[in-house]
file final.txt (compact mmCIF, C-alpha atoms)
# COMPACT_ATOMS: atom_id res chain seq x y z
CA MET A 1 -31.97 -3.78 34.32
CA ALA A 2 -31.88 -7.27 32.79
CA LEU A 3 -32.35 -5.73 29.30
CA LEU A 4 -29.41 -3.35 29.91
CA LYS A 5 -27.15 -6.25 30.97
CA PHE A 6 -28.21 -8.19 27.88
CA LYS A 7 -27.36 -5.23 25.62
CA ARG A 8 -23.96 -4.83 27.29
CA LYS A 9 -23.18 -8.52 26.84
CA LYS A 10 -24.23 -8.29 23.20
CA LEU A 11 -22.02 -5.22 22.67
CA TRP A 12 -19.00 -6.93 24.27
CA ALA A 13 -19.65 -10.04 22.18
CA GLN A 14 -19.72 -7.93 19.00
CA LEU A 15 -16.51 -6.12 20.00
CA ALA A 16 -14.84 -9.49 20.69
CA ILE A 17 -15.85 -10.74 17.23
CA PHE A 18 -14.55 -7.54 15.61
CA ALA A 19 -11.25 -7.79 17.53
CA ALA A 20 -10.83 -11.35 16.26
CA ILE A 21 -11.59 -10.32 12.66
CA LEU A 22 -9.59 -7.06 12.82
CA GLY A 23 -6.49 -7.09 10.66
CA PRO A 24 -6.74 -7.63 6.88
CA GLY A 25 -8.30 -4.23 6.08
CA ILE A 26 -6.19 -2.16 8.47
CA ILE A 27 -2.93 -3.93 7.59
CA THR A 28 -3.54 -3.78 3.83
CA GLY A 29 -4.45 -0.10 4.04
CA SER A 30 -1.61 0.91 6.34
CA VAL A 31 1.11 -1.00 4.51
CA ASP A 32 0.21 1.01 1.42
CA ASN A 33 1.96 3.98 3.05
CA ASP A 34 5.32 2.41 2.34
CA ALA A 35 8.69 4.01 1.52
CA GLY A 36 7.68 4.45 -2.14
CA GLY A 37 4.39 6.01 -1.08
CA ILE A 38 6.03 8.31 1.47
CA THR A 39 8.58 9.37 -1.17
CA THR A 40 5.79 10.09 -3.68
CA TYR A 41 3.69 12.03 -1.13
CA SER A 42 6.77 13.96 0.06
CA ILE A 43 7.77 14.97 -3.49
CA ALA A 44 4.14 15.94 -4.28
CA GLY A 45 4.08 18.23 -1.22
CA ALA A 46 7.54 19.70 -1.84
CA LEU A 47 6.98 20.35 -5.56
CA TYR A 48 3.31 21.36 -5.69
CA GLY A 49 2.48 22.36 -2.13
CA TYR A 50 -1.14 21.63 -1.28
CA LYS A 51 -2.24 21.45 -4.96
CA LEU A 52 -2.51 17.65 -5.26
CA ILE A 53 -4.18 16.90 -1.91
CA TRP A 54 -7.54 16.65 -3.69
CA THR A 55 -6.38 13.41 -5.39
CA LEU A 56 -6.69 11.64 -2.03
CA ILE A 57 -10.50 12.00 -2.01
CA PRO A 58 -11.26 10.02 -5.22
CA SER A 59 -8.42 7.63 -4.26
CA PHE A 60 -10.15 6.96 -0.91
CA ILE A 61 -13.52 6.23 -2.54
CA VAL A 62 -12.01 3.87 -5.10
CA LEU A 63 -9.85 2.23 -2.41
CA VAL A 64 -12.87 1.38 -0.22
CA ILE A 65 -14.83 -0.01 -3.18
CA ILE A 66 -11.91 -2.13 -4.43
CA GLN A 67 -10.96 -3.49 -1.00
CA GLU A 68 -14.60 -4.42 -0.36
CA MET A 69 -14.72 -6.31 -3.68
CA ASN A 70 -11.54 -8.16 -2.71
CA ALA A 71 -12.80 -9.19 0.69
CA ARG A 72 -16.18 -10.28 -0.69
CA MET A 73 -14.55 -12.41 -3.41
CA GLY A 74 -12.23 -14.03 -0.87
CA ILE A 75 -15.06 -14.79 1.55
CA VAL A 76 -17.47 -16.15 -1.08
CA THR A 77 -15.02 -18.21 -3.17
CA GLY A 78 -12.41 -19.15 -0.55
CA LYS A 79 -9.84 -18.57 -3.33
CA GLY A 80 -7.17 -15.93 -3.89
CA LEU A 81 -7.43 -13.38 -6.71
CA ALA A 82 -4.46 -14.94 -8.54
CA ASP A 83 -6.11 -18.36 -8.37
CA LEU A 84 -9.35 -16.97 -9.84
CA ILE A 85 -7.50 -15.10 -12.64
CA ARG A 86 -5.68 -18.31 -13.67
CA GLU A 87 -8.88 -20.38 -13.64
CA ASN A 88 -10.83 -17.87 -15.73
CA ALA A 89 -8.20 -16.19 -17.98
CA GLY A 90 -5.86 -19.11 -18.59
CA VAL A 91 -2.19 -19.72 -17.79
CA LYS A 92 -0.72 -17.63 -20.68
CA VAL A 93 -2.59 -14.43 -19.79
CA THR A 94 -1.85 -15.02 -16.11
CA PHE A 95 1.88 -15.49 -16.85
CA PHE A 96 2.26 -12.11 -18.64
CA ILE A 97 0.23 -10.22 -16.01
CA PHE A 98 2.30 -11.68 -13.20
CA ILE A 99 5.68 -11.07 -14.86
CA GLY A 100 4.82 -7.33 -14.87
CA LEU A 101 3.61 -7.47 -11.27
CA LEU A 102 6.70 -9.40 -10.13
CA ILE A 103 9.04 -6.80 -11.67
CA ALA A 104 7.04 -3.98 -10.05
CA ASP A 105 7.08 -5.71 -6.67
CA ILE A 106 10.84 -6.30 -6.73
CA GLY A 107 11.14 -2.57 -7.45
CA ASN A 108 8.70 -1.85 -4.59
CA THR A 109 10.63 -4.03 -2.14
CA THR A 110 13.91 -2.39 -3.20
CA THR A 111 12.28 0.95 -2.42
CA GLU A 112 11.36 -0.30 1.07
CA PHE A 113 14.99 -1.15 1.80
CA ALA A 114 15.95 2.27 0.43
CA GLY A 115 13.59 3.67 3.05
CA VAL A 116 15.27 1.61 5.78
CA ALA A 117 18.70 2.83 4.62
CA GLY A 118 17.64 6.48 4.31
CA SER A 119 15.81 6.66 7.65
CA MET A 120 18.72 5.07 9.52
CA GLU A 121 21.18 7.48 7.91
CA VAL A 122 19.23 10.31 9.54
CA PHE A 123 20.14 8.69 12.88
CA GLY A 124 23.76 8.15 11.79
CA ILE A 125 23.57 4.38 11.04
CA SER A 126 25.13 3.08 7.80
CA LYS A 127 22.96 1.23 5.28
CA TYR A 128 25.57 -1.55 5.22
CA ILE A 129 24.61 -2.30 8.83
CA ALA A 130 20.89 -1.43 8.83
CA VAL A 131 19.75 -3.20 5.64
CA PRO A 132 21.25 -6.69 6.29
CA ILE A 133 20.02 -6.71 9.92
CA VAL A 134 16.48 -5.63 8.95
CA ALA A 135 16.35 -8.08 6.02
CA PHE A 136 17.36 -10.98 8.28
CA ALA A 137 14.87 -9.96 11.01
CA ILE A 138 12.03 -9.77 8.46
CA TRP A 139 12.98 -13.18 7.02
CA MET A 140 12.97 -14.74 10.50
CA LEU A 141 9.54 -13.24 11.34
CA VAL A 142 7.90 -14.76 8.26
CA VAL A 143 9.77 -18.06 7.97
CA LYS A 144 9.90 -18.93 11.68
CA GLY A 145 6.77 -17.10 12.92
CA THR A 146 3.03 -17.70 12.56
CA TYR A 147 0.30 -15.61 10.93
CA LYS A 148 -1.15 -14.60 14.34
CA ILE A 149 2.21 -13.33 15.64
CA ALA A 150 2.96 -11.50 12.38
CA GLU A 151 -0.50 -9.91 12.31
CA LYS A 152 -0.11 -8.48 15.84
CA ILE A 153 3.25 -6.94 14.90
CA PHE A 154 1.74 -5.53 11.68
CA LEU A 155 -1.13 -3.90 13.63
CA LEU A 156 1.42 -2.27 15.97
CA PHE A 157 3.29 -0.91 12.94
CA SER A 158 -0.01 0.49 11.60
CA VAL A 159 -0.48 2.56 14.78
CA CYS A 160 3.13 3.83 14.61
CA LEU A 161 2.45 5.40 11.19
CA LEU A 162 0.23 8.00 12.89
CA THR A 163 3.46 9.74 14.02
CA TYR A 164 3.26 11.64 10.71
CA ILE A 165 0.40 13.68 12.16
CA VAL A 166 2.81 15.03 14.80
CA SER A 167 5.44 15.85 12.18
CA ALA A 168 2.89 17.68 10.01
CA LEU A 169 1.43 19.76 12.87
CA MET A 170 4.92 20.91 13.87
CA GLY A 171 5.24 22.44 10.39
CA LYS A 172 2.29 24.80 11.14
CA PRO A 173 0.28 24.19 7.95
CA HIS A 174 -2.07 26.76 6.40
CA TRP A 175 -5.49 25.15 6.77
CA THR A 176 -7.27 27.75 4.60
CA GLU A 177 -5.03 26.94 1.62
CA ILE A 178 -5.54 23.21 2.26
CA GLY A 179 -9.32 23.71 2.21
CA GLN A 180 -9.10 25.68 -1.07
CA SER A 181 -6.98 22.99 -2.74
CA ILE A 182 -9.63 20.39 -1.85
CA THR A 183 -12.65 22.47 -2.93
CA HIS A 184 -10.95 23.87 -6.07
CA PRO A 185 -8.86 20.98 -7.50
CA GLN A 186 -6.13 21.84 -10.03
CA LEU A 187 -3.87 19.79 -12.29
CA ASP A 188 -0.93 21.11 -14.32
CA MET A 189 -0.90 19.34 -17.69
CA THR A 190 2.82 18.55 -17.70
CA PRO A 191 4.50 15.10 -17.91
CA GLN A 192 5.93 15.57 -14.40
CA SER A 193 2.56 16.50 -12.88
CA ILE A 194 0.64 13.71 -14.66
CA ALA A 195 3.31 11.12 -13.76
CA LEU A 196 3.06 12.25 -10.13
CA VAL A 197 -0.76 11.93 -10.13
CA ILE A 198 -0.49 8.41 -11.62
CA GLY A 199 2.15 7.67 -8.96
CA LEU A 200 -0.10 9.03 -6.18
CA VAL A 201 -3.00 6.83 -7.31
CA GLY A 202 -0.65 3.89 -7.97
CA THR A 203 0.80 4.07 -4.47
CA THR A 204 -2.56 4.71 -2.75
CA ILE A 205 -4.22 1.81 -4.61
CA ALA A 206 -1.32 -0.54 -5.41
CA PRO A 207 -1.97 -3.66 -7.56
CA TRP A 208 -0.30 -6.04 -5.07
CA MET A 209 -2.72 -4.91 -2.31
CA GLN A 210 -5.61 -6.61 -4.06
CA PHE A 211 -3.88 -9.98 -3.91
CA TYR A 212 -2.72 -9.61 -0.31
CA MET A 213 -6.15 -8.47 0.92
CA GLN A 214 -7.92 -11.47 -0.59
CA SER A 215 -5.26 -13.93 0.62
CA SER A 216 -5.34 -12.56 4.20
CA VAL A 217 -9.15 -12.85 4.34
CA ILE A 218 -8.82 -16.51 3.31
CA GLU A 219 -5.92 -17.10 5.73
CA LYS A 220 -8.16 -15.87 8.57
CA GLY A 221 -10.99 -18.18 7.48
CA LEU A 222 -13.63 -15.42 7.34
CA LYS A 223 -17.23 -16.13 6.24
CA MET A 224 -20.15 -14.02 4.98
CA LYS A 225 -21.59 -13.91 8.53
CA ASN A 226 -18.48 -11.82 9.41
CA TYR A 227 -19.00 -9.46 6.45
CA LYS A 228 -20.15 -6.34 8.36
CA TYR A 229 -17.10 -6.54 10.65
CA VAL A 230 -14.81 -7.05 7.66
CA LEU A 231 -16.32 -3.94 6.03
CA ILE A 232 -15.65 -1.85 9.18
CA ASP A 233 -12.06 -3.16 9.21
CA ILE A 234 -11.65 -2.13 5.55
CA ILE A 235 -13.07 1.38 6.10
CA ILE A 236 -10.81 1.98 9.13
CA GLY A 237 -7.80 0.82 7.09
CA CYS A 238 -8.68 3.09 4.14
CA VAL A 239 -9.24 6.10 6.43
CA ALA A 240 -5.86 5.46 8.10
CA THR A 241 -4.18 5.22 4.67
CA VAL A 242 -5.54 8.54 3.45
CA VAL A 243 -5.02 10.35 6.79
CA VAL A 244 -1.32 9.39 6.87
CA ALA A 245 -0.89 10.36 3.18
CA PHE A 246 -2.67 13.68 3.83
CA PHE A 247 -0.35 14.62 6.71
CA ILE A 248 2.81 13.60 4.83
CA ILE A 249 1.84 15.91 1.95
CA ILE A 250 1.03 18.87 4.20
CA SER A 251 4.17 18.25 6.30
CA CYS A 252 6.32 18.79 3.19
CA ALA A 253 4.07 21.42 1.61
CA SER A 254 4.04 23.72 4.66
CA THR A 255 7.82 23.59 5.11
CA LEU A 256 9.77 22.44 2.04
CA HIS A 257 7.52 23.93 -0.67
CA GLU A 258 7.23 27.28 1.08
CA ASN A 259 11.03 27.51 1.33
CA GLY A 260 11.65 26.35 -2.24
CA ILE A 261 13.46 23.17 -1.15
CA ILE A 262 13.56 20.41 -3.79
CA ILE A 263 13.86 16.82 -2.57
CA GLU A 264 14.47 13.56 -4.38
CA GLU A 265 13.57 11.01 -1.70
CA ALA A 266 11.79 10.73 1.68
CA LYS A 267 15.11 10.87 3.58
CA ASP A 268 15.73 14.36 2.12
CA ALA A 269 12.38 15.46 3.58
CA ALA A 270 13.35 14.25 7.07
CA MET A 271 16.73 16.03 6.86
CA ALA A 272 15.21 19.25 5.50
CA LEU A 273 12.52 19.36 8.19
CA LYS A 274 15.11 19.68 10.98
CA PRO A 275 16.05 23.36 10.42
CA LEU A 276 12.52 24.30 9.32
CA ALA A 277 10.27 22.59 11.89
CA GLY A 278 12.81 21.45 14.50
CA ALA A 279 14.99 18.36 14.97
CA LEU A 280 12.09 16.48 16.60
CA ALA A 281 9.93 16.89 13.47
CA GLY A 282 12.75 15.51 11.31
CA HIS A 283 13.35 12.57 13.64
CA VAL A 284 9.62 11.78 13.86
CA PHE A 285 9.41 11.85 10.04
CA ALA A 286 12.46 9.54 9.79
CA PHE A 287 11.00 7.16 12.42
CA GLY A 288 7.74 6.95 10.46
CA LEU A 289 9.72 6.19 7.31
CA PHE A 290 11.66 3.44 9.12
CA VAL A 291 8.51 1.78 10.50
CA ALA A 292 6.71 2.02 7.14
CA SER A 293 9.71 0.58 5.31
CA ILE A 294 10.05 -2.46 7.61
CA PHE A 295 6.29 -2.98 7.56
CA SER A 296 6.11 -2.96 3.76
CA ALA A 297 9.39 -4.84 3.21
CA THR A 298 7.71 -7.67 5.12
CA ILE A 299 4.28 -7.54 3.44
CA LEU A 300 5.26 -6.79 -0.17
CA PRO A 301 7.39 -9.89 -0.90
CA LEU A 302 4.92 -11.88 1.20
CA ALA A 303 2.02 -10.72 -0.98
CA THR A 304 4.06 -11.39 -4.13
CA ALA A 305 4.97 -14.92 -3.01
CA PHE A 306 1.28 -15.51 -2.13
CA TYR A 307 -0.17 -14.49 -5.48
CA VAL A 308 2.54 -16.02 -7.69
CA CYS A 309 2.17 -19.38 -5.90
CA GLU A 310 -1.64 -19.13 -6.08
CA ALA A 311 -1.48 -18.31 -9.79
CA PHE A 312 0.55 -21.39 -10.62
CA GLY A 313 -0.97 -23.82 -8.13
CA PHE A 314 1.79 -23.99 -5.49
CA GLU A 315 1.14 -24.21 -1.74
CA ALA A 316 1.43 -20.85 0.08
CA GLY A 317 1.00 -19.45 3.60
CA ILE A 318 2.96 -18.28 6.66
CA ASP A 319 1.48 -21.06 8.80
CA LYS A 320 2.91 -23.73 6.47
CA LYS A 321 6.35 -25.23 7.06
CA TRP A 322 9.17 -24.83 4.52
CA LYS A 323 8.73 -28.48 3.43
CA GLU A 324 4.99 -27.92 2.85
CA ALA A 325 5.44 -24.78 0.71
CA PRO A 326 9.03 -24.67 -0.63
CA GLU A 327 8.18 -22.55 -3.72
CA PHE A 328 6.48 -19.95 -1.50
CA TYR A 329 9.44 -19.58 0.87
CA VAL A 330 12.10 -19.72 -1.88
CA LEU A 331 10.32 -16.93 -3.79
CA TYR A 332 9.88 -14.85 -0.63
CA THR A 333 13.55 -15.27 0.29
CA GLY A 334 14.68 -14.51 -3.27
CA ILE A 335 12.76 -11.22 -3.46
CA LEU A 336 14.16 -10.12 -0.08
CA VAL A 337 17.77 -10.99 -1.01
CA VAL A 338 17.67 -9.39 -4.50
CA SER A 339 16.03 -6.19 -3.19
CA ALA A 340 18.45 -5.83 -0.27
CA LEU A 341 21.49 -6.43 -2.53
CA ILE A 342 20.37 -3.72 -4.99
CA ILE A 343 20.32 -1.21 -2.11
CA LEU A 344 23.87 -2.17 -1.10
CA ILE A 345 25.24 -1.43 -4.60
CA PRO A 346 27.12 1.90 -4.44
CA ASN A 347 25.39 4.72 -6.38
CA ALA A 348 22.38 2.57 -7.34
CA PRO A 349 19.64 4.78 -8.96
CA LEU A 350 17.29 4.40 -5.98
CA ILE A 351 15.25 7.55 -6.64
CA THR A 352 14.53 6.53 -10.23
CA ILE A 353 13.59 3.00 -9.10
CA SER A 354 11.27 4.41 -6.40
CA LEU A 355 9.35 6.90 -8.53
CA TRP A 356 8.99 4.76 -11.66
CA THR A 357 7.93 1.76 -9.59
CA GLN A 358 4.97 3.83 -8.37
CA VAL A 359 4.18 4.92 -11.94
CA LEU A 360 4.38 1.25 -13.06
CA ASN A 361 1.96 0.41 -10.23
CA GLY A 362 -0.46 3.02 -11.59
CA MET A 363 -0.18 1.58 -15.11
CA LEU A 364 -0.62 -2.06 -14.00
CA LEU A 365 -3.56 -1.23 -11.73
CA PRO A 366 -6.17 -1.01 -14.55
CA VAL A 367 -5.19 -4.53 -15.74
CA VAL A 368 -5.73 -5.96 -12.25
CA LEU A 369 -8.97 -3.98 -11.77
CA VAL A 370 -10.42 -5.22 -15.08
CA CYS A 371 -9.75 -8.82 -14.00
CA MET A 372 -11.30 -8.14 -10.59
CA ILE A 373 -14.46 -6.47 -11.86
CA LEU A 374 -15.08 -9.19 -14.45
CA LEU A 375 -14.65 -11.86 -11.78
CA VAL A 376 -16.77 -10.19 -9.12
CA ASN A 377 -19.64 -9.80 -11.62
CA ASN A 378 -19.52 -13.46 -12.66
CA LYS A 379 -22.58 -15.19 -11.13
CA LYS A 380 -20.99 -18.62 -11.57
CA ILE A 381 -18.23 -17.50 -9.19
CA MET A 382 -20.06 -15.09 -6.86
CA GLY A 383 -23.67 -16.36 -6.94
CA THR A 384 -25.95 -13.72 -5.37
CA HIS A 385 -22.97 -11.70 -4.10
CA VAL A 386 -22.08 -10.05 -7.41
CA ASN A 387 -21.36 -6.30 -7.57
CA LYS A 388 -24.01 -3.64 -7.13
CA PRO A 389 -24.27 -1.03 -9.96
CA VAL A 390 -22.53 1.69 -7.90
CA ASN A 391 -19.48 -0.56 -7.36
CA ASN A 392 -19.21 -1.14 -11.11
CA VAL A 393 -19.58 2.56 -11.98
CA ILE A 394 -16.80 3.58 -9.57
CA GLY A 395 -14.55 0.65 -10.56
CA TRP A 396 -14.85 1.21 -14.33
CA SER A 397 -14.49 4.99 -13.91
CA ALA A 398 -11.21 4.48 -12.05
CA ILE A 399 -9.95 2.23 -14.87
CA VAL A 400 -10.89 4.76 -17.58
CA VAL A 401 -9.21 7.67 -15.74
CA LEU A 402 -5.99 5.70 -15.06
CA VAL A 403 -5.76 4.46 -18.65
CA ALA A 404 -6.41 7.98 -19.99
CA LEU A 405 -3.70 9.48 -17.73
CA SER A 406 -1.22 6.75 -18.72
CA VAL A 407 -1.88 7.36 -22.44
CA VAL A 408 -1.54 11.14 -22.01
CA LEU A 409 1.75 10.66 -20.11
CA ILE A 410 3.19 8.39 -22.83
CA ILE A 411 2.12 10.76 -25.66
CA MET A 412 3.49 13.86 -23.86
CA SER A 413 6.76 12.09 -23.08
CA ILE A 414 7.20 11.10 -26.76
CA PHE A 415 6.54 14.62 -28.08
CA GLN A 416 8.78 16.26 -25.45

call {"tool": "encode", "arguments": {"input": "final.txt", "output": "C-alpha cells"}}
result
Amino acid sequence: MALLKFKRKKLWAQLAIFAAILGPGIITGSVDNDAGGITTYSIAGALYGYKLIWTLIPSFIVLVIIQEMNARMGIVTGKGLADLIRENAGVKVTFFIFIGLLIADIGNTTTEFAGVAGSMEVFGISKYIAVPIVAFAIWMLVVKGTYKIAEKIFLLFSVCLLTYIVSALMGKPHWTEIGQSITHPQLDMTPQSIALVIGLVGTTIAPWMQFYMQSSVIEKGLKMKNYKYVLIDIIIGCVATVVVAFFIIISCASTLHENGIIIEEAKDAAMALKPLAGALAGHVFAFGLFVASIFSATILPLATAFYVCEAFGFEAGIDKKWKEAPEFYVLYTGILVVSALIILIPNAPLITISLWTQVLNGMLLPVVLVCMILLVNNKKIMGTHVNKPVNNVIGWSAIVVLVALSVVLIIMSIFQ
C-alpha cells in the first residue's frame, strides 16, 4: 500500500513538472499551421486531392529531429540560435542571412493578417474593422503582458486548431484513397507541383520556428534535467502540427478537388465548403483560420524580433520593459504595423505574397539547417551533447532534398 502511494506521488510529481515545462514544443509546432500554411495545405488538397499527403510523413520526421536539436542547443548553451550564428559565422554572414529571413517573416506576418481578413469576411465583418482591432489586441498582449500569460493563451489557441478535424470529417473523406496516397507516393514533375511541395515543407518546417523554439526554451529557463519532458513536449507539438495539416488537406481534397473547384486562398476553401459539406463545416474552417492567423500573427513578429535582436546583441524578451529592450519592441511593433497596412491596401496581391512566402521559407530553410547542424556538432559549444549519427543523416538528407527541389524549380521555371 505504501509503495502504491509512493508511485502515485511520483507520477503526480512528474506530471506537475511536465505541466510546468509544457509549452515551447506544442506552441512552436501548432503556430506552424498559420494562415500561409492553411492556404498551402488547402490549395494542395484542392489541386491534387490526396496525392501530396505523403509529404507530411518525412516532414514530421525531420520536424521532430530539428526541434529536438533546437531545444538541446538552447538548454546546453543558454543562447539563442541567432546569437550562436553571429558568434561562429561572423556579423557579415549573419546580416545577409537575417535580411532574407526578415523579408520572409514580414511576408509571413502579412499572410497572417490576410487570414484574419479572409476568415472574418466569411462571417460578414470587413477587413478594415477586423485587421486594426486584431493588430492592436496582439500588440497589447505582447507589450503589456508577460510570457506566462501569453503562453497560456497560445496553448489555448493550439487546442482550438483541432477544429479542422471536425471540418474534414464532415466532408466524408475516402480513407482507402488516403491510404493509397501514403503507401504509393507520387509527384508530378511540373513547376507548380514542385513549388507546392517546397511550400508544404517550408510551411511545415519554417525557418523562423528554429529561432523561436530555442528562444522560448531559454525564456523558460529549462535545464538538461528537464530534457525528457522537453522531448515529450516537442513530439506532442509535432504530432499536432501534422494532424492538423493532414485534416486540412483531406477536408479540401474530399470536397473541393472532387467537385473541380479551384481556390486561391484559405478563405475560398471556407466559402466553398458551405454548399458541399454544410454551412457548419465552412464556419468551422473559417474559425480555425481565424484562430491560426491571430496565433501566428502574434508569434511570427515576436520570433523575428527575438532572433534579430539576438543576432546583433540587443536585449530581447516579453518579460522585459520597453525601456529595457527598446529595439526589440520597436522591431516587433514595426513588423505588425507594416504587415497590417499591406493588408489594408485595396487589391494588394495577397495570394502571391502568401504562396511565394512559403516557397521562400522552403528555400531559406537549408541555410538555417546548415548553420544549426554545424553548431550542434561543435564540441566546443555542445560538449558531450553533440548530435548522434542518425540526427545528422536525417538533417543533411533534408537539406540535400530541399536544395535539389529548389534548383529543379528554378531550372524548370527558366526553361518554361

call {"tool": "closest_residue", "arguments": {"input": "final.txt", "among": "A:Val242, A:Ile353, A:Ile262, A:Leu56", "to": "Ile106 in chain A", "atoms": "all atoms listed in the file"}}
result
A:Ile353

call {"tool": "residues_around", "arguments": {"input": "final.txt", "residues": "Asn88 in chain A", "least_positions_apart": "5", "cutoff": "12 Å", "atoms": "all atoms listed in the file", "output": "PDB file with C-alpha atoms, keeping the file's coordinate frame"}}
result
ATOM      1  CA  LEU A  81      -7.430 -13.380  -6.710  1.00  0.00           C
ATOM      2  CA  ALA A  82      -4.460 -14.940  -8.540  1.00  0.00           C
ATOM      3  CA  ASP A  83      -6.110 -18.360  -8.370  1.00  0.00           C
ATOM      4  CA  VAL A  93      -2.590 -14.430 -19.790  1.00  0.00           C
ATOM      5  CA  THR A  94      -1.850 -15.020 -16.110  1.00  0.00           C
ATOM      6  CA  ALA A 311      -1.480 -18.310  -9.790  1.00  0.00           C
ATOM      7  CA  CYS A 371      -9.750  -8.820 -14.000  1.00  0.00           C
ATOM      8  CA  MET A 372     -11.300  -8.140 -10.590  1.00  0.00           C
ATOM      9  CA  LEU A 374     -15.080  -9.190 -14.450  1.00  0.00           C
ATOM     10  CA  LEU A 375     -14.650 -11.860 -11.780  1.00  0.00           C
ATOM     11  CA  VAL A 376     -16.770 -10.190  -9.120  1.00  0.00           C
ATOM     12  CA  ASN A 378     -19.520 -13.460 -12.660  1.00  0.00           C
ATOM     13  CA  LYS A 380     -20.990 -18.620 -11.570  1.00  0.00           C
ATOM     14  CA  ILE A 381     -18.230 -17.500  -9.190  1.00  0.00           C
TER      15      ILE A 381
END

call {"tool": "closest_residue", "arguments": {"input": "final.txt", "among": "A:Asn108, A:Gln214, A:Thr55, A:Asn347", "to": "Gln186 in chain A", "atoms": "all atoms listed in the file"}}
result
A:Thr55

call {"tool": "atom_distance", "arguments": {"input": "final.txt", "atom1": "CA of Pro366 in chain A", "atom2": "CA of Met189 in chain A"}}
result
21.3 Å

call {"tool": "axis_aligned_box", "arguments": {"input": "final.txt", "around": "range 75-86 of chain A", "padding_each_side": "3 Å", "output": "lines of an AutoDock Vina configuration file"}}
result
center_x = -11.0
center_y = -16.3
center_z = -6.1
size_x = 19.0
size_y = 11.8
size_z = 21.2

call {"tool": "closest_residue", "arguments": {"input": "final.txt", "among": "A:Phe328, A:Tyr229, A:Phe113, A:Phe285", "to": "Thr298 in chain A", "atoms": "only C-alpha atoms"}}
result
A:Phe113

call {"tool": "atom_distance", "arguments": {"input": "final.txt", "atom1": "CA of Met363 in chain A", "atom2": "CA of Tyr307 in chain A"}}
result
18.7 Å

call {"tool": "atom_distance", "arguments": {"input": "final.txt", "atom1": "CA of Gly288 in chain A", "atom2": "CA of Ile343 in chain A"}}
result
19.6 Å

call {"tool": "closest_residue", "arguments": {"input": "final.txt", "among": "A:Ala46, A:Leu365, A:Gly36, A:Pro389", "to": "Gly260 in chain A", "atoms": "only C-alpha atoms"}}
result
A:Ala46

call {"tool": "residues_near_point", "arguments": {"input": "final.txt", "point": "(0.7, 20.8, -12.9)", "cutoff": "10 Å", "atoms": "only C-alpha atoms", "output": "mmCIF file with C-alpha atoms, in the frame of the given file"}}
result
data_model
loop_
_atom_site.group_PDB
_atom_site.id
_atom_site.type_symbol
_atom_site.label_atom_id
_atom_site.label_comp_id
_atom_site.auth_asym_id
_atom_site.auth_seq_id
_atom_site.Cartn_x
_atom_site.Cartn_y
_atom_site.Cartn_z
ATOM 1 C CA LEU A 47 6.980 20.350 -5.560
ATOM 2 C CA TYR A 48 3.310 21.360 -5.690
ATOM 3 C CA LYS A 51 -2.240 21.450 -4.960
ATOM 4 C CA LEU A 52 -2.510 17.650 -5.260
ATOM 5 C CA GLN A 186 -6.130 21.840 -10.030
ATOM 6 C CA LEU A 187 -3.870 19.790 -12.290
ATOM 7 C CA ASP A 188 -0.930 21.110 -14.320
ATOM 8 C CA MET A 189 -0.900 19.340 -17.690
ATOM 9 C CA THR A 190 2.820 18.550 -17.700
ATOM 10 C CA PRO A 191 4.500 15.100 -17.910
ATOM 11 C CA GLN A 192 5.930 15.570 -14.400
ATOM 12 C CA SER A 193 2.560 16.500 -12.880
ATOM 13 C CA ILE A 194 0.640 13.710 -14.660
ATOM 14 C CA LEU A 196 3.060 12.250 -10.130
ATOM 15 C CA VAL A 197 -0.760 11.930 -10.130
#

call {"tool": "closest_residue", "arguments": {"input": "final.txt", "among": "A:Thr333, A:Ser251, A:Thr77, A:Asn387", "to": "Trp175 in chain A", "atoms": "all atoms listed in the file"}}
result
A:Ser251

call {"tool": "build_atoms", "arguments": {"input": "final.txt", "residues": "range 237-247 of chain A", "atoms": "N, CA and C atoms", "output": "mmCIF file, in the coordinates of the input"}}
result
data_model
loop_
_atom_site.group_PDB
_atom_site.id
_atom_site.type_symbol
_atom_site.label_atom_id
_atom_site.label_comp_id
_atom_site.auth_asym_id
_atom_site.auth_seq_id
_atom_site.Cartn_x
_atom_site.Cartn_y
_atom_site.Cartn_z
ATOM 1 N N GLY A 237 -9.093 0.906 7.773
ATOM 2 C CA GLY A 237 -7.800 0.820 7.090
ATOM 3 C C GLY A 237 -7.659 1.877 6.003
ATOM 4 N N CYS A 238 -8.715 2.096 5.220
ATOM 5 C CA CYS A 238 -8.680 3.090 4.140
ATOM 6 C C CYS A 238 -8.582 4.510 4.690
ATOM 7 N N VAL A 239 -9.314 4.779 5.780
ATOM 8 C CA VAL A 239 -9.240 6.100 6.430
ATOM 9 C C VAL A 239 -7.813 6.347 6.926
ATOM 10 N N ALA A 240 -7.228 5.335 7.586
ATOM 11 C CA ALA A 240 -5.860 5.460 8.100
ATOM 12 C C ALA A 240 -4.874 5.730 6.968
ATOM 13 N N THR A 241 -5.048 5.039 5.843
ATOM 14 C CA THR A 241 -4.180 5.220 4.670
ATOM 15 C C THR A 241 -4.181 6.666 4.203
ATOM 16 N N VAL A 242 -5.382 7.193 4.000
ATOM 17 C CA VAL A 242 -5.540 8.540 3.450
ATOM 18 C C VAL A 242 -5.123 9.608 4.465
ATOM 19 N N VAL A 243 -5.413 9.380 5.746
ATOM 20 C CA VAL A 243 -5.020 10.350 6.790
ATOM 21 C C VAL A 243 -3.504 10.488 6.840
ATOM 22 N N VAL A 244 -2.794 9.359 6.836
ATOM 23 C CA VAL A 244 -1.320 9.390 6.870
ATOM 24 C C VAL A 244 -0.780 10.081 5.619
ATOM 25 N N ALA A 245 -1.318 9.734 4.435
ATOM 26 C CA ALA A 245 -0.890 10.360 3.180
ATOM 27 C C ALA A 245 -1.131 11.873 3.218
ATOM 28 N N PHE A 246 -2.287 12.273 3.723
ATOM 29 C CA PHE A 246 -2.670 13.680 3.830
ATOM 30 C C PHE A 246 -1.637 14.456 4.668
ATOM 31 N N PHE A 247 -1.275 13.904 5.820
ATOM 32 C CA PHE A 247 -0.350 14.620 6.710
ATOM 33 C C PHE A 247 1.089 14.602 6.200
#
